[in-house]
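structure_30.txt (compact mmCIF, C-alpha atoms)
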# COMPACT_ATOMS: atom_id res chain seq x y z
CA MET A 282 -6.81 -91.83 49.00
CA LYS A 283 -5.69 -94.95 47.13
CA THR A 284 -2.53 -96.60 48.43
CA TYR A 285 -0.03 -98.66 46.39
CA ASP A 286 3.39 -100.16 46.95
CA LEU A 287 4.56 -98.65 43.66
CA ILE A 288 3.17 -95.93 41.45
CA ILE A 289 4.60 -95.40 37.98
CA VAL A 290 3.88 -92.06 36.37
CA GLY A 291 3.80 -92.48 32.58
CA GLY A 292 2.12 -95.22 30.60
CA GLY A 293 4.72 -95.53 27.88
CA ALA A 294 7.38 -98.11 27.05
CA ALA A 295 9.50 -97.60 30.18
CA GLY A 296 6.50 -97.37 32.49
CA PHE A 297 4.85 -100.60 31.36
CA PHE A 298 8.15 -102.47 31.22
CA ALA A 299 9.04 -101.47 34.77
CA ALA A 300 5.60 -102.34 36.14
CA ILE A 301 5.62 -105.81 34.59
CA ASN A 302 9.15 -106.60 35.78
CA VAL A 303 8.41 -105.51 39.36
CA ALA A 304 5.22 -107.57 39.36
CA GLU A 305 7.08 -110.68 38.20
CA GLN A 306 9.63 -110.35 40.99
CA MET A 307 7.12 -109.32 43.66
CA PRO A 308 3.76 -110.93 42.81
CA HIS A 309 2.07 -109.51 45.90
CA ALA A 310 3.12 -105.90 45.36
CA SER A 311 0.34 -103.47 44.51
CA ILE A 312 1.31 -101.53 41.40
CA CYS A 313 -0.36 -98.70 39.53
CA ILE A 314 0.47 -96.91 36.28
CA LEU A 315 -0.87 -93.36 35.96
CA GLU A 316 -1.20 -92.20 32.36
CA LYS A 317 -2.40 -88.69 31.48
CA ASN A 318 -3.91 -89.68 28.10
CA LYS A 319 -6.96 -91.79 27.32
CA GLU A 320 -4.65 -94.61 26.26
CA GLY A 321 -1.00 -95.42 26.78
CA LEU A 322 1.95 -96.66 24.73
CA GLN A 323 1.44 -93.97 22.08
CA LYS A 324 5.10 -93.78 21.09
CA VAL A 325 5.26 -97.56 20.85
CA LYS A 326 2.25 -97.44 18.54
CA ILE A 327 3.75 -95.01 16.02
CA SER A 328 7.42 -95.99 16.26
CA GLY A 329 9.01 -97.33 13.10
CA GLY A 330 6.07 -96.33 10.95
CA GLY A 331 3.68 -98.36 13.09
CA ARG A 332 5.94 -101.42 13.25
CA CYS A 333 7.75 -100.52 16.53
CA ASN A 334 11.52 -100.46 16.25
CA VAL A 335 12.01 -102.44 19.50
CA THR A 336 15.81 -102.39 19.64
CA HIS A 337 18.95 -102.60 17.49
CA ALA A 338 21.10 -105.63 16.73
CA GLU A 339 24.19 -104.40 18.55
CA PHE A 340 25.32 -106.90 21.17
CA ILE A 341 28.50 -105.34 22.58
CA PRO A 342 27.88 -102.77 25.37
CA GLN A 343 30.93 -100.71 24.42
CA GLU A 344 29.61 -100.42 20.85
CA LEU A 345 25.98 -99.91 21.84
CA VAL A 346 26.74 -96.86 24.03
CA LEU A 347 28.31 -95.04 21.07
CA ASN A 348 24.78 -94.39 19.80
CA TYR A 349 23.93 -92.17 22.78
CA PRO A 350 25.10 -88.54 22.47
CA ARG A 351 23.97 -88.06 26.07
CA GLY A 352 24.23 -91.08 28.34
CA GLU A 353 27.14 -92.89 26.70
CA LYS A 354 29.25 -93.11 29.88
CA GLU A 355 26.34 -93.70 32.26
CA LEU A 356 24.74 -96.52 30.25
CA LEU A 357 27.84 -98.71 29.93
CA GLY A 358 27.31 -100.38 33.32
CA PRO A 359 23.54 -100.82 32.88
CA PHE A 360 24.04 -102.36 29.41
CA HIS A 361 26.24 -105.02 31.00
CA GLN A 362 23.20 -105.89 33.15
CA PHE A 363 20.42 -105.76 30.54
CA MET A 364 20.78 -105.01 26.84
CA THR A 365 19.79 -106.15 23.37
CA GLY A 366 20.03 -109.91 23.86
CA ASP A 367 18.07 -109.66 27.10
CA THR A 368 15.39 -107.58 25.37
CA ILE A 369 15.03 -110.19 22.62
CA ALA A 370 14.80 -113.01 25.19
CA TRP A 371 12.28 -111.06 27.30
CA PHE A 372 9.88 -110.57 24.42
CA GLU A 373 10.36 -114.08 23.02
CA ALA A 374 9.56 -115.57 26.45
CA ARG A 375 6.21 -113.81 26.17
CA GLY A 376 5.47 -115.00 22.65
CA VAL A 377 6.80 -112.00 20.71
CA ALA A 378 9.47 -112.97 18.17
CA LEU A 379 11.72 -110.21 16.81
CA LYS A 380 13.56 -110.00 13.50
CA ILE A 381 16.67 -108.14 12.38
CA GLU A 382 16.53 -105.98 9.25
CA ASP A 383 19.50 -105.22 6.99
CA ASP A 384 20.27 -101.93 8.75
CA GLY A 385 20.30 -103.59 12.19
CA ARG A 386 16.90 -102.35 13.34
CA MET A 387 14.75 -104.96 15.09
CA PHE A 388 10.98 -105.27 14.76
CA PRO A 389 8.35 -107.80 15.78
CA VAL A 390 8.03 -110.53 13.16
CA THR A 391 4.41 -109.44 12.75
CA ASN A 392 5.57 -106.00 11.53
CA SER A 393 2.99 -104.46 13.85
CA SER A 394 3.49 -102.33 16.96
CA GLN A 395 0.14 -103.67 18.17
CA THR A 396 1.96 -106.93 18.93
CA ILE A 397 4.10 -105.13 21.52
CA ILE A 398 1.11 -103.22 22.91
CA ASP A 399 -0.94 -106.40 23.22
CA CYS A 400 1.96 -108.11 25.00
CA PHE A 401 2.19 -105.31 27.58
CA LEU A 402 -1.56 -105.08 28.13
CA SER A 403 -1.79 -108.85 28.54
CA GLU A 404 1.05 -108.87 31.08
CA THR A 405 -0.40 -106.00 33.14
CA LYS A 406 -3.74 -107.79 33.24
CA LYS A 407 -2.10 -111.10 34.17
CA HIS A 408 -0.21 -109.48 37.05
CA LYS A 409 -3.21 -107.41 38.19
CA ILE A 410 -1.43 -104.11 37.64
CA ASP A 411 -3.81 -101.15 37.77
CA VAL A 412 -3.49 -99.01 34.65
CA LEU A 413 -5.38 -95.76 35.16
CA TYR A 414 -5.88 -93.47 32.18
CA SER A 415 -6.80 -89.77 32.02
CA GLN A 416 -4.83 -89.26 35.23
CA SER A 417 -2.79 -86.10 34.81
CA VAL A 418 -0.49 -85.73 37.81
CA THR A 419 -0.46 -82.23 39.31
CA THR A 420 1.73 -82.58 42.42
CA LEU A 421 4.24 -85.01 43.91
CA SER A 422 5.07 -84.78 47.59
CA PRO A 423 7.76 -86.92 49.24
CA GLN A 424 6.66 -87.88 52.76
CA ASP A 425 8.68 -89.76 55.37
CA GLN A 426 10.46 -93.09 54.71
CA LEU A 427 7.44 -95.06 55.89
CA THR A 428 4.76 -93.17 53.97
CA GLY A 429 6.72 -92.65 50.76
CA PHE A 430 4.98 -90.25 48.40
CA GLU A 431 1.66 -88.54 47.93
CA VAL A 432 0.62 -88.15 44.30
CA GLU A 433 -2.21 -85.84 43.28
CA THR A 434 -3.91 -85.96 39.91
CA LYS A 435 -6.65 -83.67 38.66
CA SER A 436 -9.26 -86.09 39.95
CA GLU A 437 -7.73 -88.32 42.65
CA SER A 438 -5.15 -88.67 45.42
CA PHE A 439 -2.70 -91.56 45.79
CA GLN A 440 -0.04 -92.72 48.18
CA CYS A 441 2.88 -95.04 47.45
CA LYS A 442 6.04 -96.37 49.05
CA LYS A 443 8.08 -96.14 45.85
CA LEU A 444 7.66 -93.91 42.82
CA LEU A 445 9.01 -94.33 39.30
CA ILE A 446 8.93 -91.44 36.83
CA ALA A 447 8.70 -92.57 33.20
CA THR A 448 7.12 -89.53 31.61
CA GLY A 449 9.49 -89.14 28.66
CA SER A 450 10.22 -85.65 27.35
CA SER A 451 7.60 -83.91 29.46
CA VAL A 452 8.37 -80.27 30.21
CA LYS A 453 5.70 -80.30 32.92
CA PHE A 454 7.35 -83.19 34.71
CA TRP A 455 10.80 -81.73 34.38
CA LYS A 456 9.42 -78.69 36.21
CA LEU A 457 8.00 -80.95 38.94
CA MET A 458 11.35 -82.71 39.28
CA GLY A 459 13.02 -79.31 39.48
CA GLN A 460 10.68 -78.33 42.29
CA LEU A 461 11.80 -81.46 44.17
CA GLY A 462 15.41 -80.31 43.92
CA HIS A 463 16.65 -82.07 40.79
CA THR A 464 18.72 -80.19 38.23
CA ILE A 465 17.04 -80.13 34.82
CA VAL A 466 19.24 -79.85 31.74
CA LYS A 467 17.46 -77.47 29.38
CA PRO A 468 15.71 -79.45 26.61
CA VAL A 469 16.60 -78.97 22.96
CA PRO A 470 15.48 -80.97 19.89
CA SER A 471 17.71 -83.94 19.12
CA LEU A 472 16.55 -85.83 16.02
CA PHE A 473 15.77 -83.48 13.17
CA THR A 474 16.39 -82.93 9.47
CA PHE A 475 18.13 -79.94 7.88
CA ASN A 476 16.24 -77.26 5.95
CA ILE A 477 18.27 -76.36 2.83
CA THR A 478 17.27 -74.24 -0.15
CA ASP A 479 19.79 -74.91 -2.91
CA LYS A 480 19.58 -75.13 -6.71
CA ARG A 481 21.59 -78.38 -6.70
CA ILE A 482 18.95 -80.31 -4.78
CA LYS A 483 15.76 -78.35 -5.55
CA ASP A 484 14.51 -80.69 -8.27
CA ILE A 485 15.73 -84.07 -6.99
CA PRO A 486 13.76 -84.93 -3.81
CA GLY A 487 13.80 -88.64 -3.08
CA VAL A 488 17.37 -89.15 -4.30
CA VAL A 489 19.57 -91.12 -1.86
CA ALA A 490 23.36 -90.81 -1.83
CA PRO A 491 24.25 -94.23 -0.34
CA ASP A 492 27.35 -93.34 1.67
CA VAL A 493 28.57 -89.81 2.30
CA GLU A 494 30.58 -87.88 4.87
CA VAL A 495 29.02 -84.72 6.29
CA LYS A 496 30.84 -82.09 8.34
CA ILE A 497 29.32 -79.12 10.12
CA LEU A 498 31.75 -76.31 9.40
CA LYS A 499 33.30 -74.42 12.35
CA THR A 500 32.62 -77.44 14.63
CA ASP A 501 34.12 -80.89 15.21
CA LEU A 502 30.86 -82.56 14.20
CA VAL A 503 31.11 -85.14 11.44
CA SER A 504 29.11 -88.21 10.43
CA GLU A 505 28.84 -90.82 7.70
CA GLY A 506 26.08 -92.85 6.12
CA PRO A 507 23.19 -92.57 3.66
CA LEU A 508 21.85 -89.12 2.82
CA LEU A 509 18.31 -88.47 1.57
CA ILE A 510 17.42 -85.34 -0.40
CA THR A 511 13.94 -84.15 0.55
CA HIS A 512 11.53 -81.42 -0.52
CA TRP A 513 12.77 -79.26 2.36
CA GLY A 514 16.46 -80.21 2.45
CA MET A 515 18.32 -83.28 3.69
CA SER A 516 17.61 -86.23 5.97
CA ALA A 517 18.55 -89.90 6.60
CA PRO A 518 21.19 -91.29 9.03
CA ALA A 519 24.09 -89.06 7.95
CA ILE A 520 22.02 -85.99 8.90
CA LEU A 521 20.11 -87.42 11.87
CA LYS A 522 23.33 -88.52 13.59
CA LEU A 523 24.66 -84.98 13.29
CA SER A 524 21.44 -83.55 14.68
CA ALA A 525 21.64 -85.87 17.70
CA PHE A 526 25.31 -85.44 18.54
CA GLY A 527 25.16 -81.74 17.74
CA ALA A 528 21.83 -81.03 19.45
CA VAL A 529 23.17 -78.54 21.99
CA VAL A 530 25.70 -76.88 19.64
CA LEU A 531 23.20 -76.49 16.80
CA ALA A 532 20.58 -75.01 19.13
CA LYS A 533 23.12 -72.34 20.13
CA MET A 534 23.69 -71.64 16.42
CA ASP A 535 19.91 -71.17 16.03
CA TYR A 536 20.01 -73.91 13.38
CA LYS A 537 21.83 -71.69 10.91
CA PHE A 538 25.16 -73.12 9.75
CA ASN A 539 27.04 -74.56 6.78
CA ILE A 540 27.71 -78.22 6.07
CA GLU A 541 30.35 -79.73 3.79
CA ILE A 542 29.49 -83.00 2.04
CA ASN A 543 31.89 -85.49 0.54
CA PHE A 544 29.52 -87.44 -1.69
CA ILE A 545 32.12 -90.06 -2.66
CA LYS A 546 34.23 -90.30 0.54
CA GLN A 547 37.46 -89.77 -1.39
CA ASP A 548 40.04 -87.03 -0.96
CA ALA A 549 40.13 -84.29 -3.60
CA GLU A 550 43.40 -85.45 -5.16
CA SER A 551 42.30 -89.03 -5.84
CA CYS A 552 38.95 -87.76 -7.12
CA LEU A 553 40.65 -85.36 -9.54
CA ASN A 554 42.99 -88.10 -10.78
CA GLN A 555 40.03 -90.39 -11.40
CA LEU A 556 38.20 -87.65 -13.31
CA LYS A 557 41.30 -87.03 -15.45
CA ALA A 558 41.46 -90.76 -16.26
CA THR A 559 37.77 -90.73 -17.16
CA LYS A 560 38.37 -87.73 -19.45
CA GLN A 561 41.00 -89.81 -21.30
CA ASP A 562 38.88 -92.97 -21.48
CA LEU A 563 35.47 -91.49 -22.32
CA GLY A 564 36.46 -88.47 -24.43
CA LYS A 565 33.54 -88.72 -26.87
CA LYS A 566 30.92 -89.37 -24.19
CA THR A 567 28.77 -86.69 -22.57
CA VAL A 568 29.68 -85.96 -18.93
CA PHE A 569 26.07 -85.23 -17.95
CA LYS A 570 24.76 -88.61 -19.08
CA LEU A 571 27.40 -90.89 -17.50
CA PRO A 572 27.38 -90.85 -13.68
CA GLN A 573 30.68 -91.74 -12.00
CA PHE A 574 31.56 -93.00 -8.50
CA ASN A 575 28.29 -94.99 -8.31
CA LEU A 576 26.36 -91.79 -7.62
CA PRO A 577 22.63 -91.58 -8.37
CA LYS A 578 22.18 -90.21 -11.88
CA ARG A 579 20.08 -87.17 -10.93
CA LEU A 580 22.52 -86.12 -8.21
CA TRP A 581 25.51 -86.53 -10.54
CA GLN A 582 23.79 -84.37 -13.16
CA GLN A 583 23.13 -81.55 -10.69
CA LEU A 584 26.75 -81.59 -9.51
CA VAL A 585 27.97 -81.54 -13.14
CA LEU A 586 25.82 -78.47 -13.89
CA ALA A 587 26.99 -76.80 -10.65
CA SER A 588 30.60 -77.24 -11.78
CA GLY A 589 29.99 -75.03 -14.81
CA MET A 590 29.42 -77.61 -17.56
CA ALA A 591 26.54 -77.70 -20.02
CA GLN A 592 24.36 -80.76 -20.56
CA ASP A 593 26.07 -81.49 -23.88
CA THR A 594 29.68 -81.06 -22.67
CA ARG A 595 31.82 -84.01 -23.74
CA TRP A 596 34.57 -85.39 -21.51
CA ALA A 597 37.18 -84.43 -24.14
CA ASP A 598 36.11 -80.77 -23.92
CA VAL A 599 36.21 -80.45 -20.14
CA ASN A 600 38.82 -77.91 -19.10
CA LYS A 601 41.02 -77.90 -16.00
CA GLU A 602 38.82 -75.43 -14.11
CA GLN A 603 35.68 -77.52 -14.72
CA LEU A 604 37.47 -80.68 -13.53
CA GLU A 605 38.54 -78.90 -10.34
CA ASN A 606 35.04 -77.50 -9.84
CA LEU A 607 33.52 -80.96 -10.26
CA THR A 608 36.05 -82.39 -7.80
CA LYS A 609 34.99 -79.75 -5.28
CA GLN A 610 31.28 -80.52 -5.83
CA LEU A 611 31.96 -84.23 -5.29
CA THR A 612 34.23 -84.00 -2.26
CA GLN A 613 33.68 -80.59 -0.63
CA ALA A 614 30.19 -79.41 -1.55
CA VAL A 615 29.06 -76.70 0.86
CA PHE A 616 25.36 -76.22 1.64
CA ASN A 617 23.73 -73.57 3.79
CA VAL A 618 21.35 -74.91 6.46
CA ASP A 619 18.63 -72.54 7.55
CA GLY A 620 16.43 -74.20 10.15
CA LYS A 621 15.28 -77.70 11.00
CA SER A 622 12.29 -79.97 10.57
CA THR A 623 11.39 -82.53 13.23
CA PHE A 624 9.70 -85.89 13.05
CA LYS A 625 6.58 -84.78 14.92
CA GLU A 626 5.48 -88.34 15.62
CA GLU A 627 8.87 -89.56 16.80
CA PHE A 628 10.16 -86.42 18.43
CA VAL A 629 13.26 -86.92 20.56
CA THR A 630 14.59 -84.33 22.98
CA ALA A 631 18.00 -83.85 24.53
CA GLY A 632 17.68 -82.64 28.10
CA GLY A 633 16.02 -83.75 31.30
CA VAL A 634 17.04 -84.82 34.80
CA ALA A 635 20.80 -84.34 35.24
CA LEU A 636 22.60 -87.68 35.09
CA LYS A 637 24.96 -86.89 37.97
CA GLU A 638 21.92 -86.96 40.29
CA VAL A 639 20.98 -90.55 39.46
CA ASN A 640 22.52 -93.81 40.70
CA PHE A 641 22.89 -95.89 37.53
CA LYS A 642 23.24 -99.14 39.46
CA THR A 643 19.59 -98.75 40.47
CA PHE A 644 18.21 -95.76 38.49
CA GLU A 645 17.25 -94.26 41.86
CA SER A 646 17.49 -90.57 42.61
CA LYS A 647 20.56 -89.65 44.64
CA LEU A 648 18.56 -86.82 46.20
CA ILE A 649 15.24 -88.44 47.09
CA PRO A 650 15.09 -92.02 48.44
CA ASN A 651 12.64 -94.40 46.73
CA LEU A 652 12.27 -92.12 43.67
CA TYR A 653 13.33 -93.84 40.44
CA PHE A 654 13.61 -92.85 36.78
CA ALA A 655 13.47 -94.67 33.44
CA GLY A 656 13.52 -93.56 29.81
CA GLU A 657 13.78 -90.10 28.30
CA VAL A 658 12.81 -88.21 31.46
CA LEU A 659 16.57 -88.45 32.09
CA ASN A 660 19.06 -86.44 30.02
CA ILE A 661 19.64 -89.47 27.78
CA ASP A 662 18.86 -89.67 24.09
CA ALA A 663 20.03 -91.67 21.12
CA VAL A 664 20.28 -91.69 17.36
CA THR A 665 17.44 -93.26 15.44
CA GLY A 666 17.25 -97.04 15.06
CA GLY A 667 15.72 -98.54 18.21
CA PHE A 668 18.30 -97.17 20.64
CA ASN A 669 15.91 -94.93 22.59
CA PHE A 670 13.68 -97.93 23.27
CA GLN A 671 16.67 -99.97 24.42
CA ASN A 672 17.47 -97.24 26.93
CA ALA A 673 13.86 -97.45 28.15
CA TRP A 674 13.96 -101.25 28.54
CA THR A 675 17.33 -101.22 30.31
CA GLY A 676 16.51 -98.43 32.75
CA ALA A 677 13.06 -99.84 33.52
CA TYR A 678 14.40 -103.35 34.10
CA ILE A 679 17.23 -102.25 36.41
CA ALA A 680 14.93 -99.91 38.35
CA ALA A 681 12.39 -102.74 38.70
CA ARG A 682 15.03 -105.15 39.97
CA ALA A 683 16.38 -102.56 42.41
CA MET A 684 12.91 -101.79 43.77
CA ALA A 685 12.08 -105.48 44.14
CA ASN A 686 15.38 -106.18 45.90
CA ALA A 687 14.86 -103.25 48.26
CA SER A 688 11.33 -104.59 48.89
CA PHE A 689 8.39 -102.35 49.63
CA ASN A 690 8.53 -102.87 53.37
CA SER A 691 11.86 -101.10 53.83
Give the structure from this file in structure tokens form.
Amino acid sequence: MKTYDLIIVGGGAAGFFAAINVAEQMPHASICILEKNKEGLQKVKISGGGRCNVTHAEFIPQELVLNYPRGEKELLGPFHQFMTGDTIAWFEARGVALKIEDDGRMFPVTNSSQTIIDCFLSETKKHKIDVLYSQSVTTLSPQDQLTGFEVETKSESFQCKKLLIATGSSVKFWKLMGQLGHTIVKPVPSLFTFNITDKRIKDIPGVVAPDVEVKILKTDLVSEGPLLITHWGMSAPAILKLSAFGAVVLAKMDYKFNIEINFIKQDAESCLNQLKATKQDLGKKTVFKLPQFNLPKRLWQQLVLASGMAQDTRWADVNKEQLENLTKQLTQAVFNVDGKSTFKEEFVTAGGVALKEVNFKTFESKLIPNLYFAGEVLNIDAVTGGFNFQNAWTGAYIAARAMANASFNS
């Protein structure tokens, strides 16, 4: 049986980050990462289209937490301890410069996730951290305070004084945590796009409406932002935010519901008045050919047709009913959602270890001494844009500091 001061289960972002930070604070501690796959850091590798969306340029804790449908309240304290600025400084101190893009997402200047992977692998080697691959953990057994934990994999047995679980959205590990007495919040998909079959969008995939408001009817869910029309329906931040904040509600609805879109973010009355003014000003022009409200041309044309006008209808010939119909299409367009599509490579799940059972000053279990958590194994998830990684860095750093301060001889 191999014995370590600390074993980390999960060779992903949170696992590596925690291991490195413990090693820096306790150079003589023996540390091991157990990863079930043949290589680690898989989510880091594919994140952001292979560029790794490390974090998001939001530097106020109270604002940052608003991006977490689950975990908002619990992360406020931790973000005061370690957040975006600390993440940037941590990577820069190890030779990895980050850059901010227009939408606030932050990537390595190299535009390659391999830069982050190389940084982690270099640090684990430097600090003599054992990284063991193809080690699928089968059982975890808490022993007494002195012995700590016994960890069994399919091929080996280990013992450790402290144990950190950083296994992400692993159903298997949630079951193991449940067996140890932790409450597991049932997992449901969090970041997904909406499947919509509708004549108005059928022939215009790739069109982006730059700033819309989307409501899910019969709920309080609403979001704003860009909307992308796809071959299967709708995506982009306006939709993804709804899918994250509505994860539990939408699962109960079996992903069948109606959404209402305000494509121009104006109320119906002001929209109608503007259309009436346009009718006066552009009487001889064709409605179909002249997009209004800065809408993409192809989207405007589909909404014009949906309002009952022909392609050759002139503004002067538009009747009251058609104006009202167009107003409704622009400000209150209803679409039927029938199912979801997930980003297979960047799948995010709501659910996991119940937050009330974790001490967020240390990320230690309230039920089992010397058992710590970091990352998405907890019932914490975020909207897209680097926020899930920031949760991983913050939890891993605070857990590492807590374990180092408690020392491995306690």
Per residue of segment 455-530 of chain A within 12 Å of segment 376-387 of chain A, what are the shortest atom pair and its distance in Å to one decimal, counting only C-alpha atoms, with rows by chain and residue number, as JSON lines?
{"residue": "A:Gly506", "atom": "CA", "partner": "A:Asp384", "partner_atom": "CA", "distance": 11.1}
{"residue": "A:Pro507", "atom": "CA", "partner": "A:Asp384", "partner_atom": "CA", "distance": 11.0}
{"residue": "A:Pro518", "atom": "CA", "partner": "A:Asp384", "partner_atom": "CA", "distance": 10.7}
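Counting all atoms listed in the file and comparing A:Ile679, A:Leu315, A:Leu556, A:Ala300, the residue that lies closest to Pro572 of chain A is A:Leu556.
Considering the residues A:Ala597, A:Ile482, A:Ala677, A:Leu509 and counting all atoms listed in the file, Asp562 of chain A has its shortest atom-to-atom contact with A:Ala597.
One distance worth recording is that between atom CA of Ile312 of chain A and atom CA of Leu287 of chain A, which is 4.9 Å.
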>> I'd like the interatomic distance between atom CA of Leu604 of chain A and atom CA of Phe616 of chain A, to a tenth of an Å.
In response: 19.9 Å
Could you rebuild segment 589-608 of chain A with N, CA and C atoms and give it back as a compact mmCIF listing (two decimals), keeping the file's coordinate frame?
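This went into selection_7.txt:
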# COMPACT_ATOMS: atom_id res chain seq x y z
N GLY A 589 29.81 -75.95 -13.69
CA GLY A 589 29.99 -75.03 -14.81
C GLY A 589 29.94 -75.67 -16.19
N MET A 590 29.53 -76.93 -16.26
CA MET A 590 29.42 -77.61 -17.56
C MET A 590 28.00 -77.55 -18.08
N ALA A 591 27.87 -77.64 -19.39
CA ALA A 591 26.54 -77.70 -20.02
C ALA A 591 26.13 -79.17 -20.15
N GLN A 592 24.85 -79.38 -20.44
CA GLN A 592 24.36 -80.76 -20.56
C GLN A 592 25.02 -81.52 -21.71
N ASP A 593 25.49 -80.80 -22.71
CA ASP A 593 26.07 -81.49 -23.88
C ASP A 593 27.60 -81.49 -23.88
N THR A 594 28.21 -81.08 -22.75
CA THR A 594 29.68 -81.06 -22.67
C THR A 594 30.23 -82.49 -22.74
N ARG A 595 31.19 -82.69 -23.66
CA ARG A 595 31.82 -84.01 -23.74
C ARG A 595 33.05 -84.04 -22.83
N TRP A 596 33.41 -85.25 -22.40
CA TRP A 596 34.57 -85.39 -21.51
C TRP A 596 35.82 -84.76 -22.15
N ALA A 597 35.98 -84.94 -23.46
CA ALA A 597 37.18 -84.43 -24.14
C ALA A 597 37.29 -82.90 -24.07
N ASP A 598 36.13 -82.24 -23.91
CA ASP A 598 36.11 -80.77 -23.92
C ASP A 598 36.16 -80.15 -22.53
N VAL A 599 36.18 -80.99 -21.51
CA VAL A 599 36.21 -80.45 -20.14
C VAL A 599 37.58 -79.82 -19.86
N ASN A 600 37.55 -78.58 -19.38
CA ASN A 600 38.82 -77.91 -19.10
C ASN A 600 39.25 -78.14 -17.65
N LYS A 601 40.44 -77.68 -17.32
CA LYS A 601 41.02 -77.90 -16.00
C LYS A 601 40.15 -77.31 -14.89
N GLU A 602 39.65 -76.09 -15.12
CA GLU A 602 38.82 -75.43 -14.11
C GLU A 602 37.54 -76.22 -13.83
N GLN A 603 36.91 -76.74 -14.89
CA GLN A 603 35.68 -77.52 -14.72
C GLN A 603 35.96 -78.82 -13.96
N LEU A 604 37.09 -79.45 -14.26
CA LEU A 604 37.47 -80.68 -13.53
C LEU A 604 37.65 -80.38 -12.05
N GLU A 605 38.31 -79.28 -11.73
CA GLU A 605 38.54 -78.90 -10.34
C GLU A 605 37.23 -78.53 -9.65
N ASN A 606 36.36 -77.84 -10.40
CA ASN A 606 35.04 -77.50 -9.84
C ASN A 606 34.22 -78.75 -9.54
N LEU A 607 34.26 -79.72 -10.47
CA LEU A 607 33.52 -80.96 -10.26
C LEU A 607 34.08 -81.73 -9.07
N THR A 608 35.40 -81.73 -8.96
CA THR A 608 36.05 -82.39 -7.80
C THR A 608 35.54 -81.77 -6.50
